[in-house]
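One file, protein.cif, is given below (mmCIF, C-alpha atoms and all ligand atoms).
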data_run
loop_
_atom_site.label_atom_id
_atom_site.label_comp_id
_atom_site.auth_asym_id
_atom_site.auth_seq_id
_atom_site.Cartn_x
_atom_site.Cartn_y
_atom_site.Cartn_z
CA MET A 1 -11.15 -55.36 90.83
CA LEU A 2 -9.38 -58.58 90.11
CA ILE A 3 -6.69 -60.79 91.51
CA GLY A 4 -3.40 -60.65 89.64
CA SER A 5 -1.81 -63.33 91.79
CA ILE A 6 -2.34 -65.17 95.05
CA ASP A 7 0.22 -66.81 97.33
CA LEU A 8 -0.70 -69.14 100.16
CA VAL A 9 1.28 -70.62 103.01
CA GLY A 10 -0.39 -73.17 105.26
CA PHE A 11 -3.93 -72.34 104.14
CA ARG A 12 -6.14 -75.46 104.54
CA ASN A 13 -4.61 -78.18 102.32
CA TYR A 14 -2.29 -75.71 100.51
CA ARG A 15 1.17 -75.95 102.08
CA THR A 16 2.45 -73.39 99.63
CA LEU A 17 0.82 -72.08 96.49
CA SER A 18 1.76 -69.39 93.97
CA TYR A 19 -1.04 -68.99 91.50
CA THR A 20 -1.53 -66.47 88.71
CA PRO A 21 -5.13 -66.70 87.48
CA SER A 22 -6.65 -65.28 84.33
CA PRO A 23 -8.33 -61.89 84.62
CA ARG A 24 -11.52 -63.43 83.23
CA LEU A 25 -13.01 -66.90 83.62
CA ASN A 26 -10.96 -69.48 85.55
CA LEU A 27 -12.14 -73.09 85.66
CA LEU A 28 -10.90 -75.01 88.69
CA ILE A 29 -11.24 -78.67 87.82
CA GLY A 30 -10.62 -81.67 90.02
CA PRO A 31 -12.24 -84.53 91.90
CA ASN A 32 -13.65 -84.07 95.38
CA ALA A 33 -11.53 -83.09 98.38
CA GLN A 34 -8.61 -81.73 96.29
CA GLY A 35 -8.86 -78.09 97.35
CA LYS A 36 -11.21 -76.37 94.86
CA THR A 37 -13.46 -74.82 97.48
CA ASN A 38 -10.43 -74.10 99.67
CA LEU A 39 -8.97 -72.05 96.82
CA LEU A 40 -12.22 -70.09 96.41
CA GLU A 41 -12.14 -69.48 100.16
CA ALA A 42 -8.54 -68.23 99.92
CA VAL A 43 -9.40 -65.83 97.07
CA GLY A 44 -12.34 -64.53 99.10
CA PHE A 45 -10.09 -64.15 102.13
CA LEU A 46 -7.52 -62.20 100.13
CA LEU A 47 -10.24 -59.83 98.94
CA THR A 48 -12.28 -59.36 102.11
CA GLY A 49 -10.21 -60.59 105.07
CA ARG A 50 -12.94 -63.08 105.96
CA SER A 51 -13.86 -66.64 105.14
CA PHE A 52 -17.23 -67.34 103.54
CA ARG A 53 -17.13 -70.82 105.07
CA THR A 54 -16.33 -70.26 108.70
CA THR A 55 -15.98 -67.63 111.38
CA HIS A 56 -13.42 -69.82 113.17
CA LEU A 57 -9.98 -68.83 111.94
CA ALA A 58 -8.50 -71.92 113.60
CA GLU A 59 -10.14 -74.09 110.91
CA ILE A 60 -8.35 -72.26 108.13
CA ALA A 61 -4.72 -72.80 109.07
CA CYS A 62 -3.29 -76.07 107.84
CA TRP A 63 -3.81 -78.75 110.51
CA GLY A 64 -1.09 -78.59 113.12
CA ALA A 65 0.17 -75.16 111.97
CA ASP A 66 -0.24 -72.07 114.12
CA SER A 67 -0.37 -69.56 111.28
CA ALA A 68 -1.36 -69.12 107.66
CA ILE A 69 -0.56 -66.47 105.07
CA VAL A 70 -2.73 -65.23 102.22
CA ALA A 71 -1.02 -62.67 100.01
CA GLY A 72 -1.47 -61.34 96.51
CA ASP A 73 -2.02 -58.49 94.13
CA LEU A 74 -5.36 -56.74 93.76
CA GLN A 75 -5.62 -54.95 90.45
CA ARG A 76 -7.98 -52.22 89.36
CA ALA A 77 -7.88 -49.45 86.79
CA GLU A 78 -6.23 -47.06 89.29
CA GLY A 79 -3.35 -49.43 89.95
CA THR A 80 -2.21 -52.55 91.77
CA ARG A 81 -2.17 -53.08 95.50
CA THR A 82 -0.24 -55.84 97.23
CA VAL A 83 -2.13 -57.33 100.14
CA ARG A 84 -0.69 -59.60 102.80
CA ARG A 85 -2.92 -61.17 105.43
CA THR A 86 -1.74 -63.31 108.31
CA ILE A 87 -3.83 -65.66 110.39
CA ARG A 88 -2.09 -66.49 113.62
CA ARG A 89 -2.65 -68.21 116.94
CA ALA A 90 -1.72 -66.02 119.90
CA ASP A 91 -0.05 -67.34 123.04
CA ASP A 92 -3.43 -67.57 124.78
CA GLY A 93 -4.70 -69.89 122.04
CA THR A 94 -7.03 -67.37 120.34
CA TRP A 95 -6.77 -66.80 116.59
CA HIS A 96 -6.40 -63.42 114.91
CA ALA A 97 -6.19 -62.14 111.35
CA SER A 98 -4.19 -59.08 110.41
CA GLY A 99 -3.46 -57.22 107.18
CA GLU A 100 -4.96 -54.35 105.26
CA GLY A 101 -6.99 -54.94 102.13
CA SER A 102 -8.83 -52.63 99.77
CA ALA A 103 -12.13 -51.03 100.77
CA ALA A 104 -13.47 -51.54 97.25
CA ALA A 105 -12.78 -55.29 97.07
CA ARG A 106 -15.87 -57.50 96.93
CA ALA A 107 -16.38 -61.23 96.48
CA ILE A 108 -19.72 -62.69 95.45
CA VAL A 109 -19.90 -66.34 96.42
CA PHE A 110 -22.30 -68.96 95.17
CA GLY A 111 -22.59 -72.56 96.40
CA TRP A 112 -25.50 -74.98 96.38
CA GLN A 113 -26.14 -74.37 100.06
CA ASP A 114 -27.62 -71.09 98.68
CA LEU A 115 -30.65 -73.13 97.68
CA ALA A 116 -31.76 -72.49 101.26
CA VAL A 117 -32.21 -68.82 100.32
CA VAL A 118 -35.08 -69.90 98.07
CA ASN A 119 -36.54 -72.91 99.90
CA GLY A 120 -35.20 -72.68 103.47
CA VAL A 121 -36.14 -70.88 106.66
CA PRO A 122 -36.57 -67.07 106.84
CA ALA A 123 -33.20 -66.71 108.60
CA ALA A 124 -31.49 -67.93 105.41
CA ARG A 125 -33.14 -65.12 103.44
CA ARG A 126 -32.32 -62.55 106.10
CA ASN A 127 -28.66 -63.63 106.01
CA PHE A 128 -28.73 -63.41 102.25
CA ILE A 129 -30.16 -59.90 102.10
CA ASP A 130 -27.80 -58.74 104.87
CA GLY A 131 -24.86 -60.08 102.87
CA VAL A 132 -26.02 -58.17 99.80
CA ALA A 133 -26.70 -55.01 101.81
CA GLY A 134 -23.26 -55.34 103.40
CA ARG A 135 -21.59 -55.40 99.99
CA LEU A 136 -23.64 -52.39 98.88
CA TYR A 137 -23.40 -50.38 102.12
CA PRO A 138 -20.23 -51.03 104.14
CA THR A 139 -21.76 -49.84 107.45
CA HIS A 140 -24.57 -52.40 107.29
CA ILE A 141 -22.80 -55.32 108.98
CA ALA A 142 -21.56 -53.27 111.93
CA ALA A 143 -25.10 -51.90 112.42
CA LEU A 144 -26.46 -55.45 112.27
CA THR A 145 -24.02 -56.63 114.94
CA ARG A 146 -25.00 -53.71 117.13
CA TYR A 147 -28.68 -54.41 116.57
CA ARG A 148 -28.24 -58.04 117.63
CA GLN A 149 -26.46 -56.99 120.82
CA ILE A 150 -29.25 -54.57 121.66
CA VAL A 151 -31.95 -57.17 121.06
CA ALA A 152 -30.04 -59.67 123.22
CA ARG A 153 -29.82 -57.17 126.09
CA ARG A 154 -33.45 -56.22 125.69
CA ASN A 155 -34.39 -59.92 125.79
CA THR A 156 -32.41 -60.34 129.01
CA LEU A 157 -34.41 -57.53 130.52
CA LEU A 158 -37.70 -59.06 129.32
CA ARG A 159 -36.73 -62.34 130.98
CA THR A 160 -35.90 -60.80 134.35
CA ARG A 161 -37.96 -62.43 137.10
CA PRO A 162 -39.55 -61.14 139.16
CA LEU A 163 -40.43 -58.49 136.59
CA PRO A 164 -38.94 -55.11 137.50
CA THR A 165 -41.74 -52.75 138.57
CA ASP A 166 -40.17 -50.02 136.42
CA LEU A 167 -39.92 -52.32 133.39
CA ALA A 168 -41.39 -49.78 130.94
CA ALA A 169 -38.88 -47.13 131.99
CA ARG A 170 -36.00 -49.57 131.73
CA LEU A 171 -37.10 -50.80 128.30
CA ALA A 172 -37.47 -47.29 126.90
CA PRO A 173 -33.82 -46.67 125.95
CA TRP A 174 -33.55 -50.12 124.38
CA ASP A 175 -36.78 -49.63 122.45
CA GLU A 176 -35.48 -46.41 121.06
CA GLN A 177 -32.28 -48.04 119.85
CA VAL A 178 -34.08 -51.08 118.42
CA ALA A 179 -36.37 -48.67 116.55
CA THR A 180 -33.61 -46.41 115.21
CA ILE A 181 -31.09 -49.05 114.16
CA GLY A 182 -33.84 -51.48 113.18
CA MET A 183 -35.35 -49.01 110.72
CA GLU A 184 -31.91 -48.28 109.28
CA LEU A 185 -31.39 -51.98 108.64
CA ILE A 186 -34.84 -52.30 107.08
CA ALA A 187 -34.19 -49.32 104.80
CA ARG A 188 -30.94 -50.80 103.50
CA ARG A 189 -32.47 -54.24 103.08
CA ARG A 190 -35.36 -52.73 101.12
CA ARG A 191 -33.00 -50.86 98.83
CA ALA A 192 -30.91 -54.00 98.33
CA ALA A 193 -34.03 -56.03 97.50
CA ALA A 194 -35.19 -53.38 95.02
CA MET A 195 -31.83 -53.44 93.23
CA LEU A 196 -31.87 -57.24 93.11
CA GLN A 197 -35.42 -57.17 91.76
CA THR A 198 -34.42 -55.07 88.75
CA GLU A 199 -31.58 -57.41 87.86
CA LEU A 200 -33.40 -60.62 88.69
CA ALA A 201 -36.24 -59.70 86.34
CA ARG A 202 -33.68 -59.63 83.54
CA ILE A 203 -31.38 -62.49 84.58
CA TYR A 204 -33.82 -65.23 85.58
CA PRO A 205 -35.61 -65.40 82.20
CA ALA A 206 -32.25 -65.15 80.43
CA LEU A 207 -30.99 -68.20 82.35
CA SER A 208 -34.16 -70.28 82.21
CA GLY A 209 -35.00 -69.40 78.64
CA GLU A 210 -38.61 -69.03 79.77
CA ARG A 211 -40.59 -65.82 79.93
CA GLN A 212 -41.51 -65.99 83.57
CA LYS A 213 -42.19 -63.09 85.80
CA VAL A 214 -39.98 -63.20 88.85
CA GLU A 215 -40.30 -60.96 91.84
CA ILE A 216 -38.41 -60.46 95.06
CA ARG A 217 -39.85 -58.23 97.79
CA TYR A 218 -38.86 -57.34 101.31
CA ARG A 219 -41.53 -58.32 103.80
CA THR A 220 -41.92 -56.70 107.18
CA GLU A 221 -44.88 -56.44 109.53
CA LEU A 222 -44.27 -52.71 109.45
CA GLY A 223 -45.59 -52.50 105.91
CA GLU A 224 -44.32 -49.44 104.10
CA ALA A 225 -43.38 -47.50 107.23
CA THR A 226 -39.99 -45.81 107.20
CA GLU A 227 -39.95 -43.95 110.54
CA PRO A 228 -38.45 -45.42 113.73
CA ALA A 229 -41.69 -44.39 115.47
CA ALA A 230 -43.51 -47.14 113.55
CA LEU A 231 -41.21 -49.81 114.99
CA GLN A 232 -41.42 -48.25 118.41
CA SER A 233 -45.21 -48.46 118.43
CA ALA A 234 -45.04 -52.01 117.10
CA LEU A 235 -42.91 -52.87 120.12
CA GLU A 236 -45.47 -51.26 122.41
CA ARG A 237 -48.26 -53.26 120.82
CA VAL A 238 -46.56 -56.60 121.45
CA ARG A 239 -45.14 -55.68 124.85
CA SER A 240 -47.33 -58.02 126.93
CA VAL A 241 -46.53 -61.02 124.72
CA GLU A 242 -42.84 -60.09 124.79
CA VAL A 243 -42.85 -60.13 128.56
CA ARG A 244 -44.51 -63.55 128.59
CA ARG A 245 -42.05 -65.02 126.10
CA GLY A 246 -38.98 -63.08 127.10
CA GLN A 247 -38.31 -62.16 123.47
CA THR A 248 -38.26 -59.09 121.24
CA LEU A 249 -41.11 -59.70 118.80
CA ALA A 250 -40.94 -56.78 116.38
CA GLY A 251 -38.06 -55.63 114.20
CA PRO A 252 -35.92 -56.66 111.25
CA HIS A 253 -34.88 -59.93 112.92
CA ARG A 254 -38.45 -61.13 112.23
CA ASP A 255 -38.60 -60.06 108.57
CA ASP A 256 -38.37 -62.11 105.40
CA LEU A 257 -38.07 -61.90 101.62
CA VAL A 258 -40.84 -63.01 99.30
CA ILE A 259 -39.64 -64.65 96.10
CA GLU A 260 -42.31 -65.31 93.50
CA LEU A 261 -42.46 -66.89 90.06
CA ASP A 262 -45.48 -65.82 88.01
CA GLY A 263 -47.13 -64.58 91.18
CA VAL A 264 -46.73 -67.72 93.28
CA ASP A 265 -44.32 -68.33 96.15
CA ALA A 266 -41.22 -70.05 94.75
CA ARG A 267 -40.44 -71.49 98.16
CA VAL A 268 -43.62 -73.51 98.27
CA TYR A 269 -44.59 -73.99 94.64
CA GLY A 270 -41.35 -73.76 92.69
CA SER A 271 -39.96 -76.97 91.17
CA ARG A 272 -36.55 -78.07 92.37
CA GLY A 273 -35.07 -76.93 89.06
CA GLN A 274 -36.68 -73.50 89.30
CA GLN A 275 -35.49 -73.10 92.87
CA ARG A 276 -31.92 -73.99 91.91
CA LEU A 277 -31.91 -71.53 89.06
CA LEU A 278 -33.42 -68.83 91.25
CA ALA A 279 -30.71 -69.35 93.88
CA LEU A 280 -28.02 -68.87 91.24
CA ALA A 281 -29.82 -65.95 89.56
CA LEU A 282 -30.12 -64.17 92.93
CA ARG A 283 -26.33 -64.17 93.26
CA LEU A 284 -25.73 -63.06 89.70
CA ALA A 285 -28.29 -60.28 90.23
CA GLU A 286 -25.88 -58.76 92.75
CA VAL A 287 -23.08 -58.20 90.28
CA LEU A 288 -24.25 -54.96 88.70
CA PRO A 289 -25.49 -53.17 91.84
CA VAL A 290 -22.33 -54.15 93.74
CA THR A 291 -20.14 -52.96 90.86
CA GLU A 292 -21.90 -49.59 90.95
CA ALA A 293 -21.74 -49.27 94.73
CA ALA A 294 -18.09 -50.31 95.10
CA GLY A 295 -16.90 -48.50 91.98
CA THR A 296 -15.24 -51.66 90.70
CA ALA A 297 -16.42 -55.12 89.68
CA PRO A 298 -16.64 -57.89 92.29
CA VAL A 299 -14.83 -61.21 91.88
CA LEU A 300 -17.26 -64.12 91.38
CA LEU A 301 -16.57 -67.34 93.27
CA LEU A 302 -18.93 -69.97 91.90
CA ASP A 303 -18.64 -73.35 93.56
CA ASP A 304 -19.82 -76.14 91.29
CA ALA A 305 -22.49 -73.80 89.94
CA LEU A 306 -23.13 -75.72 86.70
CA SER A 307 -23.81 -79.11 88.23
CA GLU A 308 -27.44 -80.19 88.11
CA LEU A 309 -28.35 -77.64 85.46
CA ASP A 310 -29.40 -78.90 82.07
CA PRO A 311 -27.07 -78.19 79.13
CA ARG A 312 -29.18 -75.39 77.65
CA VAL A 313 -29.35 -73.59 80.99
CA ARG A 314 -25.59 -74.07 81.47
CA GLU A 315 -24.98 -72.25 78.20
CA ASN A 316 -27.18 -69.39 79.38
CA VAL A 317 -25.32 -69.18 82.70
CA LEU A 318 -21.97 -69.10 80.89
CA ARG A 319 -23.24 -66.33 78.63
CA ASP A 320 -24.29 -64.29 81.66
CA ILE A 321 -21.02 -64.69 83.57
CA ALA A 322 -19.02 -63.85 80.44
CA ALA A 323 -20.12 -60.27 81.10
CA ALA A 324 -18.58 -60.31 84.59
CA GLU A 325 -14.96 -59.42 85.26
CA GLN A 326 -12.94 -62.11 87.05
CA VAL A 327 -14.69 -65.41 87.76
CA PHE A 328 -13.57 -68.61 89.46
CA LEU A 329 -15.80 -71.59 88.66
CA THR A 330 -15.16 -75.01 90.15
CA SER A 331 -16.25 -78.28 88.61
CA PRO A 332 -15.57 -81.94 89.33
CA GLU A 333 -15.58 -82.62 85.57
CA PRO A 334 -13.62 -80.97 82.76
CA LEU A 335 -15.57 -78.21 81.02
CA ALA A 336 -14.96 -77.09 77.47
CA ILE A 337 -15.49 -73.33 77.52
CA ALA A 338 -14.02 -71.14 74.83
CA GLY A 339 -11.75 -68.41 76.17
CA ALA A 340 -11.62 -69.78 79.73
CA ALA A 341 -8.40 -70.61 81.56
CA ALA A 342 -8.55 -74.20 82.81
CA TRP A 343 -6.69 -75.28 85.95
CA ARG A 344 -6.34 -78.71 87.45
CA VAL A 345 -6.63 -78.80 91.24
CA HIS A 346 -5.05 -81.87 92.79
CA ALA A 347 -4.07 -82.48 96.43
CA GLY A 348 -3.46 -78.84 97.25
CA GLU A 349 -1.68 -77.96 94.01
CA VAL A 350 -2.90 -75.99 91.01
CA ALA A 351 -1.55 -76.52 87.49
CA ALA A 352 -2.61 -75.36 84.03
CA ALA A 353 -4.85 -78.07 82.58
N1 LIG A 401 -7.28 -76.77 107.95
C1 LIG A 401 -7.00 -77.73 107.04
N2 LIG A 401 -5.74 -78.22 106.92
C2 LIG A 401 -5.47 -79.19 106.02
N3 LIG A 401 -6.38 -79.74 105.19
C3 LIG A 401 -7.63 -79.28 105.28
C4 LIG A 401 -8.02 -78.26 106.19
N4 LIG A 401 -9.33 -78.02 106.03
C5 LIG A 401 -9.75 -78.85 105.07
N5 LIG A 401 -8.74 -79.62 104.61
C6 LIG A 401 -8.78 -80.65 103.55
O1 LIG A 401 -9.11 -80.01 102.34
C7 LIG A 401 -9.78 -80.96 101.52
C8 LIG A 401 -11.10 -80.40 101.05
O2 LIG A 401 -10.84 -79.38 100.20
P1 LIG A 401 -12.04 -78.72 99.42
O3 LIG A 401 -11.47 -77.49 98.83
O4 LIG A 401 -13.22 -78.58 100.28
O5 LIG A 401 -12.31 -79.84 98.33
P2 LIG A 401 -13.05 -79.73 96.94
O6 LIG A 401 -11.98 -79.86 95.88
O7 LIG A 401 -13.95 -80.92 96.94
O8 LIG A 401 -13.77 -78.45 96.89
C9 LIG A 401 -10.11 -82.16 102.33
O9 LIG A 401 -9.25 -83.20 101.99
C10 LIG A 401 -9.88 -81.67 103.74
O10 LIG A 401 -9.49 -82.74 104.53
MG MG A 402 -15.82 -78.21 97.13
#
As structure tokens, please, write out the structure in this file.
Amino acid sequence: MLIGSIDLVGFRNYRTLSYTPSPRLNLLIGPNAQGKTNLLEAVGFLLTGRSFRTTHLAEIACWGADSAIVAGDLQRAEGTRTVRRTIRRADDGTWHASGEGSAAARAIVFGWQDLAVVNGVPAARRNFIDGVAGRLYPTHIAALTRYRQIVARRNTLLRTRPLPTDLAARLAPWDEQVATIGMELIARRRRAAAMLQTELARIYPALSGERQKVEIRYRTELGEATEPAALQSALERVRSVEVRRGQTLAGPHRDDLVIELDGVDARVYGSRGQQRLLALALRLAEVLPVTEAAGTAPVLLLDDALSELDPRVRENVLRDIAAAEQVFLTSPEPLAIAGAAAWRVHAGEVAAA
């Protein structure tokens, strides 16, 4: 799927914009604070109905405005679909988005904050794998939200003082749900990690130009178990500690990904350069599995992805993304790339460069 055109009204620093990008590689060039990332955000919003930068719709509308519009054409082999999304403040001050998109539309976003996936806390890797799983399996995010609600309620129960005498009986229904939905989440995360692994093994050496073995694995204290019963007994095992701490201590919210280069943990032992390249390669590794799952190619939104890579690696990255469908790549400096459409972004306007 690709974007034939996008029209904005009152979106961040774009008062109005009508922009017709290239179906392949688009370079968005301009100094800082001109609207490059805002435009990536708008393209992502057109495709998915959500911002990759914020969950607060109020931040998206142009300052002082009480609505914003993101409209455009989504094109795929089967035909073109016009999408119109409105972000609006209701009378009670809450913000809402409306508008129907396409179930097959996917955006894959890369920014340097993704470095945290490689060298940050486990939560960064869990968010990453949930994002991937959500693009592969559309029910994943709703299940994750449900799981978090259940864990929160279970934690409330564990914190009740004095402890209910029938605590075990009252925990039982929550345990069952944690176990069932938790194992579903783990299964999808494992499948997502396995798909990434296949692609990463190909892409990372192609980008680095070095024959290194790279591996990504899902890590859970449940080992290889696939049955909800395994999670349920894990909960029983940690019950007394849970009661002391008032926290659910087994389940996918405690899991992590292991990312290794030549058998050693990239988080601890990887050089800064290796970690950067891994972060980018992890995103690019999504492209093929997501294309297969959605039945159409995702749009790539790469924010300043070439900065801080050496020239040889840049060439390798460009070669890899040439195989993708539509790509938007921002850069503070002009880039000379054969076949790419170059656009100058300046103060909320976009013009052919
Ligand atoms: N809701 C908003 N309304 C108007 N301007 C905004 C809004 N949100 C951010 N901006 C402005 O957008 C500019 C940043 O745009 P951004 O796309 O992040 O820049 P860059 O080109 O560096 O990627 C800043 O000048 C910021 O003040
Ligand atoms: Mg930016």
* Asked: What is the distance between CA of Arg89 in chain A and CA of Ala347 in chain A, in Å to one decimal?
  ->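 Distance between the two atoms: 25.0 Å.
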* Site check for ligand MG 402 (chain A): residues at most 7 Å away, only C-alpha atoms and all ligand atoms, as a list in words ->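 I would give the residues around ligand MG 402 (chain A) as Asn32, Ala33, Gly35, Lys36, Thr37 and Asp303 of chain A.
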Pull C-alpha atoms from the residues just selected and write them as a PDB file, in the coordinates of the input.
ATOM      1  CA  ASN A  32     -13.650 -84.070  95.380  1.00  0.00           C
ATOM      2  CA  ALA A  33     -11.530 -83.090  98.380  1.00  0.00           C
ATOM      3  CA  GLY A  35      -8.860 -78.090  97.350  1.00  0.00           C
ATOM      4  CA  LYS A  36     -11.210 -76.370  94.860  1.00  0.00           C
ATOM      5  CA  THR A  37     -13.460 -74.820  97.480  1.00  0.00           C
ATOM      6  CA  ASP A 303     -18.640 -73.350  93.560  1.00  0.00           C
TER       7      ASP A 303
END
Produce as a PDB file with C-alpha atoms, in the frame of the given file the set of residues near ligand LIG 401 (chain A), where near means within 7 Å with all atoms listed in the file considered.
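Saved file pocket-v5.pdb follows:
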ATOM      1  CA  PHE A  11      -3.930 -72.340 104.140  1.00  0.00           C
ATOM      2  CA  ARG A  12      -6.140 -75.460 104.540  1.00  0.00           C
ATOM      3  CA  ASN A  13      -4.610 -78.180 102.320  1.00  0.00           C
ATOM      4  CA  GLY A  30     -10.620 -81.670  90.020  1.00  0.00           C
ATOM      5  CA  PRO A  31     -12.240 -84.530  91.900  1.00  0.00           C
ATOM      6  CA  ASN A  32     -13.650 -84.070  95.380  1.00  0.00           C
ATOM      7  CA  ALA A  33     -11.530 -83.090  98.380  1.00  0.00           C
ATOM      8  CA  GLN A  34      -8.610 -81.730  96.290  1.00  0.00           C
ATOM      9  CA  GLY A  35      -8.860 -78.090  97.350  1.00  0.00           C
ATOM     10  CA  LYS A  36     -11.210 -76.370  94.860  1.00  0.00           C
ATOM     11  CA  THR A  37     -13.460 -74.820  97.480  1.00  0.00           C
ATOM     12  CA  ASN A  38     -10.430 -74.100  99.670  1.00  0.00           C
ATOM     13  CA  LEU A  39      -8.970 -72.050  96.820  1.00  0.00           C
ATOM     14  CA  GLU A  59     -10.140 -74.090 110.910  1.00  0.00           C
ATOM     15  CA  ILE A  60      -8.350 -72.260 108.130  1.00  0.00           C
ATOM     16  CA  ALA A  61      -4.720 -72.800 109.070  1.00  0.00           C
ATOM     17  CA  CYS A  62      -3.290 -76.070 107.840  1.00  0.00           C
ATOM     18  CA  TRP A  63      -3.810 -78.750 110.510  1.00  0.00           C
TER      19      TRP A  63
END
* To do: For Arg217 in chain A, please output as a list in words all residues within 10 Å (counting all atoms listed in the file; exclusion window: fewer than 4 positions along the same chain).
  =>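 Using all atoms listed in the file, the neighbours found are Arg189, Arg190, Ala192, Ala193, Ala194, Leu196, Gln197, Asp256, Leu257, Val258, Ile259 and Glu260 of chain A.
Checking A:Ile321, A:Leu40, A:Ala340, A:Ala230 one by one against Gly111 in chain A, counting only C-alpha atoms, you find the shortest gap at A:Leu40.
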* So, counting all atoms listed in the file, which residue among A:Ala124, A:Leu300, A:Leu167, A:Leu144 is closest to Pro23 in chain A? -> A:Leu300
* Structure fact -> Of A:Glu221, A:Glu227, A:Glu176, A:Asp262, the one sitting nearest Tyr204 in chain A when using all atoms listed in the file is A:Asp262
Could you work out an axis-aligned box for range 150-167 of chain A, taking every atom the file lists and adding 5 Å on each side, and report centre and edge lengths in Å to one decimal, as JSON?
{"center_x": -35.5, "center_y": -56.2, "center_z": 130.1, "size_x": 22.5, "size_y": 22.4, "size_z": 28.1}
* **Near-Ala68 in chain A list (7 Å; only C-alpha atoms; drop same-chain fewer than 4 positions) as number ranges by chain** => A: 9-11, 61, 86-88
* Asked: CA of Asp7 in chain A and CA of Ala71 in chain A are how many Å apart?
  -> 5.1 Å
* Atomic distance CA of Gly348 in chain A - CA of Asp91 in chain A, expressed in Å with one decimal ->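 Straight-line distance from CA of Gly348 in chain A to CA of Asp91 in chain A works out to 28.4 Å.
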